Structure formats: structure tokens, C-alpha cells
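S.K.: Input structure: protein.cif, which contains mmCIF, C-alpha atoms and all ligand atoms.
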```cif
data_model
loop_
_atom_site.label_atom_id
_atom_site.label_comp_id
_atom_site.auth_asym_id
_atom_site.auth_seq_id
_atom_site.Cartn_x
_atom_site.Cartn_y
_atom_site.Cartn_z
CA MET Q 1 81.20 90.78 131.17
CA SER Q 2 83.88 88.49 132.48
CA THR Q 3 86.74 88.75 129.98
CA SER Q 4 89.80 87.97 132.05
CA SER Q 5 93.25 89.06 130.98
CA SER Q 6 94.87 87.17 133.83
CA ALA Q 7 94.44 83.75 135.37
CA ALA Q 8 92.56 85.18 138.36
CA PRO Q 9 88.79 84.55 138.21
CA ALA Q 10 86.39 87.38 137.44
CA LEU Q 11 85.14 89.43 140.38
CA ARG Q 12 81.59 88.27 141.21
CA VAL Q 13 79.53 91.39 141.85
CA ALA Q 14 75.99 91.91 143.18
CA VAL Q 15 74.15 95.20 142.72
CA LEU Q 16 71.98 96.28 145.64
CA GLY Q 17 69.15 98.61 144.69
CA VAL Q 18 68.16 98.31 141.04
CA GLY Q 19 66.31 101.53 140.40
CA MET Q 20 67.69 104.00 137.88
CA MET Q 21 71.39 103.95 138.83
CA GLY Q 22 71.45 100.31 139.94
CA GLN Q 23 70.08 99.17 136.59
CA ASP Q 24 72.63 101.31 134.81
CA HIS Q 25 75.48 99.80 136.85
CA ALA Q 26 74.06 96.29 136.33
CA ARG Q 27 74.08 96.83 132.56
CA ARG Q 28 77.61 98.22 132.78
CA LEU Q 29 78.87 95.23 134.80
CA ALA Q 30 77.08 92.79 132.51
CA SER Q 31 78.25 94.23 129.22
CA VAL Q 32 81.02 96.84 129.51
CA ILE Q 33 83.32 96.01 132.40
CA ASN Q 34 86.11 93.48 132.05
CA ARG Q 35 87.27 91.03 134.69
CA ALA Q 36 83.96 91.23 136.54
CA GLU Q 37 80.76 89.25 136.40
CA LEU Q 38 77.33 90.46 137.46
CA VAL Q 39 76.08 87.47 139.48
CA ALA Q 40 73.08 88.82 141.40
CA VAL Q 41 70.80 91.78 141.99
CA SER Q 42 68.83 92.62 145.12
CA ASP Q 43 66.18 95.22 145.84
CA VAL Q 44 63.57 95.60 148.57
CA ASP Q 45 61.07 95.73 145.71
CA ALA Q 46 60.81 91.98 144.97
CA ALA Q 47 59.10 92.40 141.61
CA ARG Q 48 61.82 94.79 140.47
CA THR Q 49 64.52 92.39 141.67
CA ASP Q 50 62.96 89.56 139.66
CA ALA Q 51 62.52 91.67 136.53
CA VAL Q 52 66.08 93.00 136.54
CA ALA Q 53 67.53 89.57 137.39
CA ALA Q 54 65.62 88.07 134.47
CA GLU Q 55 66.81 90.84 132.13
CA PHE Q 56 70.46 90.09 132.90
CA GLY Q 57 70.11 86.35 133.52
CA VAL Q 58 71.47 86.55 137.08
CA ARG Q 59 70.26 85.51 140.54
CA ALA Q 60 67.50 87.48 142.25
CA ILE Q 61 68.17 87.79 145.98
CA HIS Q 62 65.20 89.33 147.74
CA ASP Q 63 66.86 90.15 151.04
CA PRO Q 64 69.72 92.67 150.51
CA MET Q 65 71.44 91.48 153.71
CA ALA Q 66 71.45 87.93 152.31
CA ALA Q 67 73.15 89.29 149.19
CA VAL Q 68 75.82 90.92 151.36
CA ALA Q 69 76.47 87.63 153.16
CA ASP Q 70 76.24 85.39 150.08
CA PRO Q 71 79.43 83.32 149.70
CA GLU Q 72 79.17 83.50 145.90
CA VAL Q 73 79.24 87.31 145.93
CA ASP Q 74 82.76 88.79 146.13
CA ALA Q 75 81.90 92.50 146.02
CA LEU Q 76 78.93 94.86 146.06
CA VAL Q 77 77.74 97.92 144.18
CA ILE Q 78 75.31 99.82 146.40
CA ALA Q 79 72.79 101.94 144.50
CA THR Q 80 70.02 102.25 147.06
CA PRO Q 81 68.84 105.65 148.35
CA GLY Q 82 71.37 107.50 150.52
CA PHE Q 83 69.51 106.96 153.82
CA THR Q 84 70.02 103.16 153.47
CA HIS Q 85 73.77 103.30 152.80
CA GLU Q 86 75.03 103.23 156.40
CA GLU Q 87 73.38 99.93 157.27
CA LEU Q 88 74.41 98.23 154.02
CA VAL Q 89 78.00 99.52 154.03
CA LEU Q 90 78.50 98.54 157.69
CA ALA Q 91 77.15 95.06 156.91
CA ALA Q 92 79.54 94.78 153.96
CA LEU Q 93 82.46 95.85 156.16
CA ALA Q 94 81.44 93.27 158.79
CA ALA Q 95 81.41 90.63 156.04
CA GLY Q 96 84.79 91.83 154.73
CA LYS Q 97 83.30 92.59 151.28
CA PRO Q 98 84.54 95.41 149.03
CA VAL Q 99 81.92 98.00 148.13
CA LEU Q 100 81.42 100.66 145.50
CA CYS Q 101 78.79 102.83 147.21
CA GLU Q 102 76.91 105.40 145.15
CA LYS Q 103 77.15 108.95 146.46
CA PRO Q 104 76.45 110.21 149.06
CA LEU Q 105 78.34 107.83 151.37
CA THR Q 106 75.59 108.60 153.89
CA THR Q 107 73.29 111.52 154.52
CA SER Q 108 74.90 112.80 157.75
CA PRO Q 109 78.46 113.33 158.99
CA GLU Q 110 77.74 111.24 162.10
CA SER Q 111 76.76 108.15 160.09
CA SER Q 112 79.65 108.64 157.64
CA ARG Q 113 82.02 108.95 160.59
CA ARG Q 114 80.76 105.61 161.93
CA ILE Q 115 81.76 104.04 158.61
CA VAL Q 116 85.17 105.75 158.73
CA GLU Q 117 85.73 104.27 162.21
CA ALA Q 118 84.49 100.79 161.21
CA GLU Q 119 86.81 100.68 158.20
CA ALA Q 120 89.73 102.02 160.23
CA ALA Q 121 89.16 99.24 162.78
CA LEU Q 122 89.46 96.69 159.96
CA GLY Q 123 92.76 98.22 158.92
CA ARG Q 124 92.13 98.09 155.17
CA GLN Q 125 90.21 100.12 152.62
CA LEU Q 126 87.14 98.29 151.42
CA VAL Q 127 84.81 101.13 150.51
CA GLN Q 128 84.95 103.39 147.47
CA VAL Q 129 82.41 106.20 147.01
CA GLY Q 130 80.79 106.78 143.62
CA PHE Q 131 81.97 110.32 143.01
CA MET Q 132 82.31 109.61 139.30
CA ARG Q 133 83.41 113.10 138.29
CA ARG Q 134 86.92 112.18 139.46
CA PHE Q 135 87.03 109.81 136.48
CA ASP Q 136 85.90 112.37 133.91
CA ALA Q 137 88.72 113.24 131.49
CA GLU Q 138 88.16 117.02 131.68
CA TYR Q 139 88.18 117.12 135.47
CA VAL Q 140 91.32 114.98 135.55
CA GLN Q 141 92.94 117.48 133.15
CA LEU Q 142 91.81 120.47 135.21
CA ARG Q 143 93.26 118.92 138.36
CA GLY Q 144 96.57 118.44 136.55
CA LEU Q 145 96.53 122.05 135.41
CA ILE Q 146 95.95 123.30 138.95
CA ALA Q 147 98.64 121.01 140.35
CA SER Q 148 101.15 122.21 137.72
CA ALA Q 149 100.68 125.83 138.89
CA GLU Q 150 101.06 126.85 135.22
CA LEU Q 151 98.33 129.48 135.67
CA GLY Q 152 99.49 130.48 139.15
CA ARG Q 153 97.40 129.97 142.26
CA PRO Q 154 93.67 129.29 141.90
CA LEU Q 155 91.46 132.18 143.08
CA PHE Q 156 87.92 131.20 142.12
CA LEU Q 157 86.04 128.18 140.87
CA HIS Q 158 82.70 129.02 139.24
CA CYS Q 159 80.48 125.95 139.04
CA VAL Q 160 77.19 125.38 137.28
CA HIS Q 161 75.13 122.27 138.03
CA ARG Q 162 71.80 122.08 136.24
CA ASN Q 163 69.31 119.24 135.87
CA ALA Q 164 66.25 119.32 133.61
CA SER Q 165 63.91 118.17 136.38
CA THR Q 166 63.80 116.43 139.75
CA PRO Q 167 62.31 113.12 140.85
CA PRO Q 168 59.23 113.22 143.16
CA ASN Q 169 59.92 114.17 146.80
CA PHE Q 170 63.09 116.11 145.97
CA ASN Q 171 63.27 118.74 148.72
CA SER Q 172 65.27 121.95 149.21
CA ALA Q 173 67.94 120.29 151.39
CA MET Q 174 68.54 117.71 148.67
CA LEU Q 175 69.82 120.38 146.29
CA VAL Q 176 72.80 120.45 148.64
CA LEU Q 177 72.86 116.87 150.00
CA ASP Q 178 72.18 115.07 146.74
CA SER Q 179 73.38 117.44 144.01
CA VAL Q 180 75.98 119.92 145.33
CA VAL Q 181 77.68 116.99 147.08
CA HIS Q 182 79.29 116.39 143.65
CA GLU Q 183 80.80 119.92 143.64
CA VAL Q 184 81.91 119.50 147.25
CA ASP Q 185 83.83 116.40 146.27
CA ILE Q 186 85.20 117.72 143.00
CA VAL Q 187 86.44 120.91 144.67
CA ARG Q 188 88.32 118.82 147.26
CA TYR Q 189 89.69 116.68 144.41
CA LEU Q 190 90.69 119.61 142.18
CA THR Q 191 92.29 121.73 144.88
CA GLY Q 192 93.55 119.04 147.27
CA GLU Q 193 92.12 121.20 150.07
CA GLU Q 194 89.38 120.81 152.64
CA ILE Q 195 86.36 123.10 152.56
CA VAL Q 196 86.19 125.19 155.72
CA ALA Q 197 83.00 127.24 155.37
CA VAL Q 198 79.78 127.39 153.41
CA ARG Q 199 77.02 129.90 152.73
CA VAL Q 200 73.81 129.45 150.77
CA LEU Q 201 71.67 132.08 149.07
CA ALA Q 202 68.38 131.46 147.35
CA PRO Q 203 66.83 133.85 144.84
CA ARG Q 204 63.14 133.56 143.97
CA SER Q 205 62.31 130.08 142.73
CA THR Q 206 61.70 129.12 139.15
CA SER Q 207 58.05 128.65 138.28
CA ALA Q 208 59.00 125.17 137.03
CA ALA Q 209 59.91 124.07 140.58
CA PRO Q 210 57.36 122.02 142.52
CA GLU Q 211 55.53 123.99 145.22
CA GLY Q 212 57.83 124.74 148.18
CA LEU Q 213 61.12 123.76 146.49
CA LEU Q 214 63.86 126.40 146.74
CA ASP Q 215 65.28 126.08 143.25
CA PRO Q 216 67.75 127.46 142.19
CA GLN Q 217 70.22 128.07 145.03
CA PHE Q 218 73.66 129.64 145.13
CA VAL Q 219 76.22 127.89 147.33
CA ILE Q 220 79.50 129.54 148.29
CA LEU Q 221 82.33 127.36 149.55
CA GLU Q 222 85.64 128.50 151.03
CA THR Q 223 88.69 126.25 150.94
CA GLU Q 224 91.40 126.26 153.59
CA SER Q 225 93.80 128.41 151.55
CA GLY Q 226 91.05 130.91 150.66
CA ILE Q 227 89.86 129.80 147.22
CA LEU Q 228 86.25 130.91 146.77
CA VAL Q 229 83.87 128.57 144.99
CA ASP Q 230 80.40 129.52 143.80
CA VAL Q 231 77.95 126.84 142.75
CA GLU Q 232 74.75 127.61 140.92
CA ILE Q 233 72.54 124.60 141.60
CA PHE Q 234 69.40 124.66 139.46
CA VAL Q 235 67.55 121.37 139.17
CA ASN Q 236 64.40 122.22 137.23
CA THR Q 237 65.73 124.03 134.21
CA THR Q 238 63.47 122.00 131.87
CA ILE Q 239 66.37 122.04 129.39
CA GLY Q 240 68.90 119.27 130.00
CA TYR Q 241 72.03 118.42 131.96
CA GLU Q 242 74.68 121.11 132.27
CA VAL Q 243 77.71 120.70 134.52
CA ARG Q 244 80.49 123.23 134.08
CA THR Q 245 83.43 124.45 136.10
CA GLU Q 246 85.54 127.50 135.39
CA LEU Q 247 88.87 127.97 137.13
CA VAL Q 248 90.07 131.53 137.58
CA ALA Q 249 93.74 131.54 138.50
CA GLU Q 250 96.36 134.28 138.79
CA ARG Q 251 97.50 134.06 135.17
CA GLY Q 252 94.65 132.49 133.28
CA THR Q 253 91.35 130.67 133.28
CA ALA Q 254 90.20 127.21 132.22
CA ARG Q 255 86.75 125.75 131.67
CA THR Q 256 85.32 122.22 131.66
CA GLY Q 257 81.94 120.97 130.56
CA LEU Q 258 81.36 123.18 127.55
CA GLY Q 259 80.20 120.10 125.68
CA VAL Q 260 81.79 121.33 122.51
CA GLY Q 261 81.31 118.19 120.49
CA MET Q 262 80.02 118.65 116.99
CA VAL Q 263 78.57 122.08 116.25
CA THR Q 264 75.96 122.22 113.47
CA GLN Q 265 74.98 125.21 111.38
CA THR Q 266 71.63 125.20 109.61
CA THR Q 267 69.03 127.71 108.55
CA ALA Q 268 67.57 127.29 112.04
CA GLY Q 269 70.80 128.56 113.60
CA TRP Q 270 73.88 126.91 114.98
CA GLY Q 271 74.52 124.72 117.98
CA GLY Q 272 75.36 121.41 119.59
CA ARG Q 273 73.64 118.99 121.90
CA ILE Q 274 72.89 119.43 125.60
CA PRO Q 275 73.11 116.02 127.34
CA ALA Q 276 69.75 114.86 128.67
CA ASP Q 277 71.07 113.73 132.03
CA PHE Q 278 74.06 112.60 134.08
CA LYS Q 279 74.02 109.12 132.54
CA GLU Q 280 74.71 110.63 129.13
CA ARG Q 281 77.16 113.36 130.25
CA PHE Q 282 79.22 111.13 132.55
CA GLU Q 283 78.81 107.77 130.78
CA SER Q 284 82.49 107.24 130.23
CA ALA Q 285 83.35 108.48 133.74
CA TYR Q 286 81.00 105.85 135.23
CA ASP Q 287 82.60 103.19 133.01
CA VAL Q 288 86.14 104.16 134.00
CA GLN Q 289 85.13 104.40 137.66
CA VAL Q 290 83.66 100.89 137.76
CA GLN Q 291 86.47 99.31 135.69
CA ARG Q 292 89.14 100.82 137.94
CA TRP Q 293 87.21 99.77 141.04
CA VAL Q 294 86.99 96.18 139.75
CA ASP Q 295 90.69 96.09 138.97
CA ALA Q 296 91.60 97.60 142.33
CA VAL Q 297 89.36 95.21 144.28
CA ARG Q 298 90.96 92.25 142.52
CA ALA Q 299 94.29 93.63 143.72
CA GLY Q 300 92.92 94.01 147.26
CA THR Q 301 92.50 97.78 147.37
CA ILE Q 302 90.38 100.70 146.11
CA ASP Q 303 91.18 103.26 143.40
CA GLY Q 304 89.18 106.40 144.01
CA PRO Q 305 87.48 108.38 146.75
CA GLY Q 306 87.26 106.50 150.03
CA VAL Q 307 85.27 106.80 153.23
CA TRP Q 308 87.14 109.91 154.40
CA ASP Q 309 86.10 111.67 151.21
CA GLY Q 310 82.54 110.51 151.77
CA TYR Q 311 82.64 111.77 155.36
CA ALA Q 312 84.15 115.15 154.39
CA ALA Q 313 81.46 115.63 151.74
CA ALA Q 314 78.72 114.70 154.23
CA ALA Q 315 80.11 117.18 156.78
CA VAL Q 316 80.22 120.04 154.25
CA CYS Q 317 76.72 119.25 152.98
CA ALA Q 318 75.27 119.09 156.51
CA ALA Q 319 76.81 122.51 157.16
CA GLY Q 320 75.34 123.63 153.82
CA VAL Q 321 71.87 122.64 154.95
CA ARG Q 322 72.36 124.63 158.19
CA ALA Q 323 73.56 127.59 156.11
CA GLN Q 324 70.50 127.23 153.90
CA GLN Q 325 68.21 127.31 156.93
CA THR Q 326 69.93 130.14 158.83
CA GLY Q 327 71.28 132.28 156.01
CA GLU Q 328 74.60 132.35 157.87
CA ARG Q 329 78.18 131.40 157.08
CA VAL Q 330 78.73 127.99 158.68
CA GLU Q 331 82.21 126.70 159.44
CA ILE Q 332 83.23 123.06 159.09
CA ALA Q 333 85.61 121.15 161.35
CA LEU Q 334 86.30 117.58 160.27
CA GLY Q 335 88.16 116.44 163.38
CA ALA Q 336 91.02 113.99 163.36
CA ARG Q 337 91.40 111.53 160.53
CA PRO Q 338 91.97 107.95 161.74
CA ALA Q 339 95.31 106.46 160.73
N1 LIG Y 401 76.56 109.28 140.62
C1 LIG Y 401 75.50 109.85 140.09
O1 LIG Y 401 75.58 110.69 139.19
C2 LIG Y 401 74.15 109.48 140.58
C3 LIG Y 401 74.01 108.82 141.77
N2 LIG Y 401 72.79 108.52 142.27
C4 LIG Y 401 72.76 107.84 143.55
O2 LIG Y 401 72.38 106.48 143.32
C5 LIG Y 401 71.60 106.01 144.41
C6 LIG Y 401 70.29 105.48 143.88
O3 LIG Y 401 69.60 106.53 143.23
P1 LIG Y 401 68.49 106.23 142.12
O4 LIG Y 401 68.89 105.08 141.28
O5 LIG Y 401 68.20 107.52 141.48
O6 LIG Y 401 67.26 105.80 143.04
P2 LIG Y 401 65.98 104.92 142.64
O7 LIG Y 401 64.91 105.36 143.57
O8 LIG Y 401 65.73 104.99 141.17
O9 LIG Y 401 66.41 103.43 143.01
C7 LIG Y 401 66.68 103.02 144.31
C8 LIG Y 401 66.32 101.54 144.43
O10 LIG Y 401 66.76 101.06 145.70
C9 LIG Y 401 65.74 100.23 146.23
N3 LIG Y 401 65.93 100.15 147.67
C10 LIG Y 401 65.53 101.03 148.63
N4 LIG Y 401 65.97 100.63 149.85
C11 LIG Y 401 66.69 99.50 149.64
C12 LIG Y 401 67.41 98.62 150.49
N5 LIG Y 401 67.52 98.84 151.81
N6 LIG Y 401 67.99 97.53 149.96
C13 LIG Y 401 67.90 97.27 148.63
N7 LIG Y 401 67.22 98.07 147.77
C14 LIG Y 401 66.64 99.17 148.26
C15 LIG Y 401 64.44 100.85 145.76
O11 LIG Y 401 63.37 99.90 145.80
C16 LIG Y 401 64.82 101.27 144.34
O12 LIG Y 401 64.58 100.24 143.41
C17 LIG Y 401 71.50 107.18 145.39
O13 LIG Y 401 72.50 107.07 146.35
C18 LIG Y 401 71.72 108.40 144.51
O14 LIG Y 401 72.23 109.51 145.21
C19 LIG Y 401 71.64 108.81 141.58
C20 LIG Y 401 71.71 109.47 140.39
C21 LIG Y 401 72.96 109.84 139.77
O1 LIG Y 402 73.90 112.37 141.52
C1 LIG Y 402 73.05 112.87 140.86
C2 LIG Y 402 71.63 112.95 141.30
O2 LIG Y 402 71.43 112.14 142.44
C3 LIG Y 402 71.33 114.40 141.61
O3 LIG Y 402 69.99 114.52 142.01
C4 LIG Y 402 71.61 115.27 140.41
O4 LIG Y 402 71.40 116.63 140.74
C5 LIG Y 402 73.04 115.09 139.94
O5 LIG Y 402 73.25 115.87 138.79
C6 LIG Y 402 73.33 113.63 139.63
O6 LIG Y 402 74.65 113.46 139.20
#
```
Translate the structure described by the file into C-alpha cells.
Ligand SMILES: NC(=O)C1=CN([C@@H]2O[C@H](COP(=O)(O)OP(=O)(O)OC[C@H]3O[C@@H](n4cnc5c(N)ncnc54)[C@H](O)[C@@H]3O)[C@@H](O)[C@H]2O)C=CC1
Ligand SMILES: O=C1[C@@H](O)[C@H](O)[C@@H](O)[C@H](O)[C@H]1O
M.R.:
Amino acid sequence: MSTSSSAAPALRVAVLGVGMMGQDHARRLASVINRAELVAVSDVDAARTDAVAAEFGVRAIHDPMAAVADPEVDALVIATPGFTHEELVLAALAAGKPVLCEKPLTTSPESSRRIVEAEAALGRQLVQVGFMRRFDAEYVQLRGLIASAELGRPLFLHCVHRNASTPPNFNSAMLVLDSVVHEVDIVRYLTGEEIVAVRVLAPRSTSAAPEGLLDPQFVILETESGILVDVEIFVNTTIGYEVRTELVAERGTARTGLGVGMVTQTTAGWGGRIPADFKERFESAYDVQVQRWVDAVRAGTIDGPGVWDGYAAAAVCAAGVRAQQTGERVEIALGARPA
């Protein structure tokens, strides 16, 4: 969509990686987002690139690096697997192109740190990380409630993160690196604090989990002021998508993600709908995230989590994987933040 409310031309965006999330972002840019135009898609799978390009009537660029360098592409949405993000984001930074990079920024603190340093050397923020929960209305409200101190100081956050099933090759570390990374970021966003330690416990696995997958797991995070956060991560529930957070503060509690839309009552019982997946549950958060990113990029900035947030999340998750493997409490030290 390219509706422009100002004289400035629409932002010309290419999506790199057009699997599940990339196709969803391509559709969003093509039909929902204002002041932006989807101009190209690029995927290492040439047939997929061609099919998605044809669907949206945009250019197919077979080499993702060529898409980064293309003079008719102003900005990039990166929706390739996490292990490819470092190379693509560094190339975008070298080309001076703004990026909305799907989470995780990268899959290790070392590689995320390299991006932090590269962006700091440029002296301007070009990279936003796709932690879309920060654009979800309930989380925004919960953050405001915590900041207002109306309920006193936060003591606990109880988080539930459940998926119906996992894609092939989803391993035990990915429950932390790929899924709990969202809680790591949202806890930092809600509390305004860094996470200083992590522990991971695993009960027996569900019989619905593929052989060898530790699912569910229980992740305990400690923030710098001593707020304790527990995260139940359970990715093969066979039911649907459930993401909830309960704040327990000194003088009250608050809960998000109850999904209390319409409740029906019939002879079969009463109830509402459980979203099938993240695309349904967070649809409007993804829309708001991309629209605000487009508007910020046109103004020469970003409007959301940046590379430091991506690095902090990667550091906590790497510690989480060590905690998972050792059963121990692992501390996190982020080091100095570049100016
Ligand atoms: N924010 C959210 O809620 C969600 C975010 N994600 C994130 O989105 C990203 C993509 O995930 P999915 O769409 O589920 O994966 P996917 O496997 O469905 O799609 C990835 C696509 O990237 C392509 N690809 C791989 N290497 C590439 C490269 N170097 N250059 C260009 N294309 C390349 C693959 O051929 C594939 O088409 C990941 O970072 C994932 O963590 C995924 C699901 C939800
Ligand atoms: O980011 C996401 C996936 O990559 C991840 O695998 C899921 O567990 C999350 O719920 C989803 O939001």
C-alpha cells in the first residue's frame, strides 16, 4: 500500500526471506501499511521468491545481497532464519539501509554485539528488532500500570507462552532462543530493568513432543531490582496459542492475554476462542509495529526496540541455554553500552 499523507514518496521496502513470517509481512506491506510500498522480495529459494513476487506483483531478486544493495530499495524487512540475520543486518548497515529485523536479532550475544558496534560506528540507529509484543495494546497498558506505581512495586511476573506445535527441527535450546526470547524482551520492556540471572527447570516432557525435545520448560528470570519472573514455555500443547502475563505487585495484580473477547454459552458449555497462532493473536501488534517503523524510517529514525535490546535478549537467552544444560543459576553481564 502506498497511500501517502504527505508529499514525501512512499518508502520502498524489500522483504528478505519469504517463508511464513516474510509472506505475512509482504502481505501487510502490500495491503495494510500506509506510506510504504512493497517493491521486491528475495529468498534463497528461487522458486519461492518467484511465486511470492508474482503473488504481490513485485520484483523477484534471487540474491538477497543484491536486494540489500539495490538502489530502488530504501529499506528492508528481514524475515530469514535467525542464524542468517548477522550477515544480512551487517550488509544493510554497510549500505546505510534501515532494517526491521525479525526476532531474534541474532542467535548469540557475540554476533549481536558485533551489530551493536557496527551501528554505533555509523552514529545513527538503523536497525529495529521485531519484538512485536511491545506494540500490543495490553502490554502497553501493563507497562503504563507498572510505571504509574499505582499497585506499588512489582514482585512477580508469571508468564505463560504456549504454542500448539513446533516446526520440524525445533530443538530444546530453541524453546529459550526462539520462544522465551519474547518474554525476555517484554520483561525488559515492562520493568525497564535488565535481567541479571536465569535458571531453567524441565519436568517430564509431554508425549506430544517429538523424540528428544524437552517440552515444556520452566524458565526463571531475575531482574536487577529483584523482581522474579517465571515463564512456562510449552510449545506442543496441541491446543492453540496462549500468551499470558500476570503482574503481582504490592497492592494488586493485573493480567494480560486472557483473550476475553466474545464468550458464548450453548448446551455444549460456555467459552471463547483460543487463537490458532501468533499471527492471529498479535495481528494488530504486527500491523502497528510495521506502520510505526515505516513512519519512523521516513523521519530518519526507528520507533521500537533497537540493537541493544536485541543484544540484551541474545545475552539472556544464551545464559538460559547454559542454565538449561547445567541446571544452574547463570548470571548475565551485558558490559558497557556504546554511546
Ligand atoms: N515475531 C514473531 O512472532 C515471529 C517471528 N519469527 C521469526 O521470523 C523469522 C523467519 O521465521 P519463519 O518465517 O518461521 O521461517 P521460514 O522457515 O518459514 O522462512 C524463512 C525463509 O527464509 C529463507 N532464507 C533462508 N536463508 C536465507 C537467506 N540467507 N536469505 C534470504 N532468504 C533466506 C528460507 O528459504 C525461507 O523461505 C525468524 O527470525 C523467526 O524467529 C517467526 C515466527 C513468529
Ligand atoms: O516468534 C515466534 C516463533 O518463532 C516461536 O517459535 C514461537 O514460540 C513464538 O510464539 C512466536 O511468536
S.K.: Report, in Å with one decimal, the straight-line distance from CA of Arg298 in chain Q to CA of Ala91 in chain Q.
M.R.: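 Distance between the two atoms: 20.1 Å.
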S.K.: Please provide the set of residues having any atom within 8 Å of Val248 in chain Q, restricted to only C-alpha atoms, with same-chain residues fewer than 5 positions apart removed, written as an NGL selection string.
M.R.: :Q and (154-158 or 253-254)
S.K.: Could those residues be written to a file, using C-alpha atoms, as a PDB file, in the coordinates of the input?
M.R.:
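Dumped to selection_26.pdb:
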```pdb
ATOM      1  CA  PRO Q 154      93.670 129.290 141.900  1.00  0.00           C
ATOM      2  CA  LEU Q 155      91.460 132.180 143.080  1.00  0.00           C
ATOM      3  CA  PHE Q 156      87.920 131.200 142.120  1.00  0.00           C
ATOM      4  CA  LEU Q 157      86.040 128.180 140.870  1.00  0.00           C
ATOM      5  CA  HIS Q 158      82.700 129.020 139.240  1.00  0.00           C
ATOM      6  CA  THR Q 253      91.350 130.670 133.280  1.00  0.00           C
ATOM      7  CA  ALA Q 254      90.200 127.210 132.220  1.00  0.00           C
TER       8      ALA Q 254
END
```
S.K.: Applying 12 Å and all atoms listed in the file, which residues near range 68-72 of chain Q remain after dropping the ones on its own chain fewer than 4 positions away? List them as a VMD selection string.
M.R.: chain Q and resid 10 to 16 37 to 43 59 to 64 76 to 78 87 to 99
S.K.: Would you please work out which residue, of Q:Gln141, Q:Val176, Q:Gly306, Q:Leu29, is nearest to Arg124 in chain Q when using all atoms listed in the file?
M.R.: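 When distances to Arg124 in chain Q are compared using all atoms listed in the file, the smallest one comes from Q:Gly306.
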S.K.: Calculated over all atoms listed in the file, which of the candidates Q:Val294, Q:Ala209, Q:Ala312, Q:Leu122 has the smallest distance to Ala336 in chain Q?
M.R.: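 Of all the options, Q:Ala312 lies closest to Ala336 in chain Q.
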S.K.: Would you compute, for all listed atoms of ligand LIG 401 (chain Y), the axis-aligned bounding box grown by 6 Å on each side, and then report its centre and edge lengths in Å rounded to one decimal, as AutoDock Vina command-line options?
M.R.:
```
--center_x 70.0 --center_y 104.0 --center_z 145.5 --size_x 25.2 --size_y 25.4 --size_z 24.6
```
S.K.: So the first atom is atom C1 of ligand LIG 402 (chain Y) and the second is CA of Lys103 in chain Q; what is the distance between them in Å, to one decimal place?
M.R.: 8.0 Å
S.K.: Which residues are near ligand LIG 402 (chain Y) - at most 10 Å, using all atoms listed in the file? Format: as JSON, numbers by chain.
M.R.: {"Q": [21, 81, 82, 102, 103, 104, 130, 131, 132, 133, 161, 162, 163, 164, 165, 166, 167, 170, 174, 175, 176, 177, 178, 179, 180, 181, 182, 183, 233, 234, 235, 236, 241, 242, 243, 277, 278, 279, 281, 282]}
S.K.: Would you mind listing what lies within 9 Å of Gly259 in chain Q as a PyMOL selection string, with all atoms listed in the file counted and same-chain residues fewer than 6 positions away left out?
M.R.: chain Q and resi 242+244+272-275+281
S.K.: Using Å and a single decimal, report how far CA of Val200 in chain Q sits from CA of Gly304 in chain Q.
M.R.: 28.5 Å
S.K.: Compare Q:Ile302, Q:Ala197, Q:Val160, Q:Val316 by their minimum atom-to-atom distance to Gln289 in chain Q, counting all atoms listed in the file, and give me the closest one.
M.R.: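 Looking at the shortest contact to Gln289 in chain Q, the residue is Q:Ile302.
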S.K.: Restricting the calculation to only C-alpha atoms and all ligand atoms: of Q:Thr191, Q:Gln265, Q:Ser284, Q:Ser225, which residue gets closest to ligand LIG 401 (chain Y)?
M.R.: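 For ligand LIG 401 (chain Y), the nearest of the given residues is Q:Ser284.
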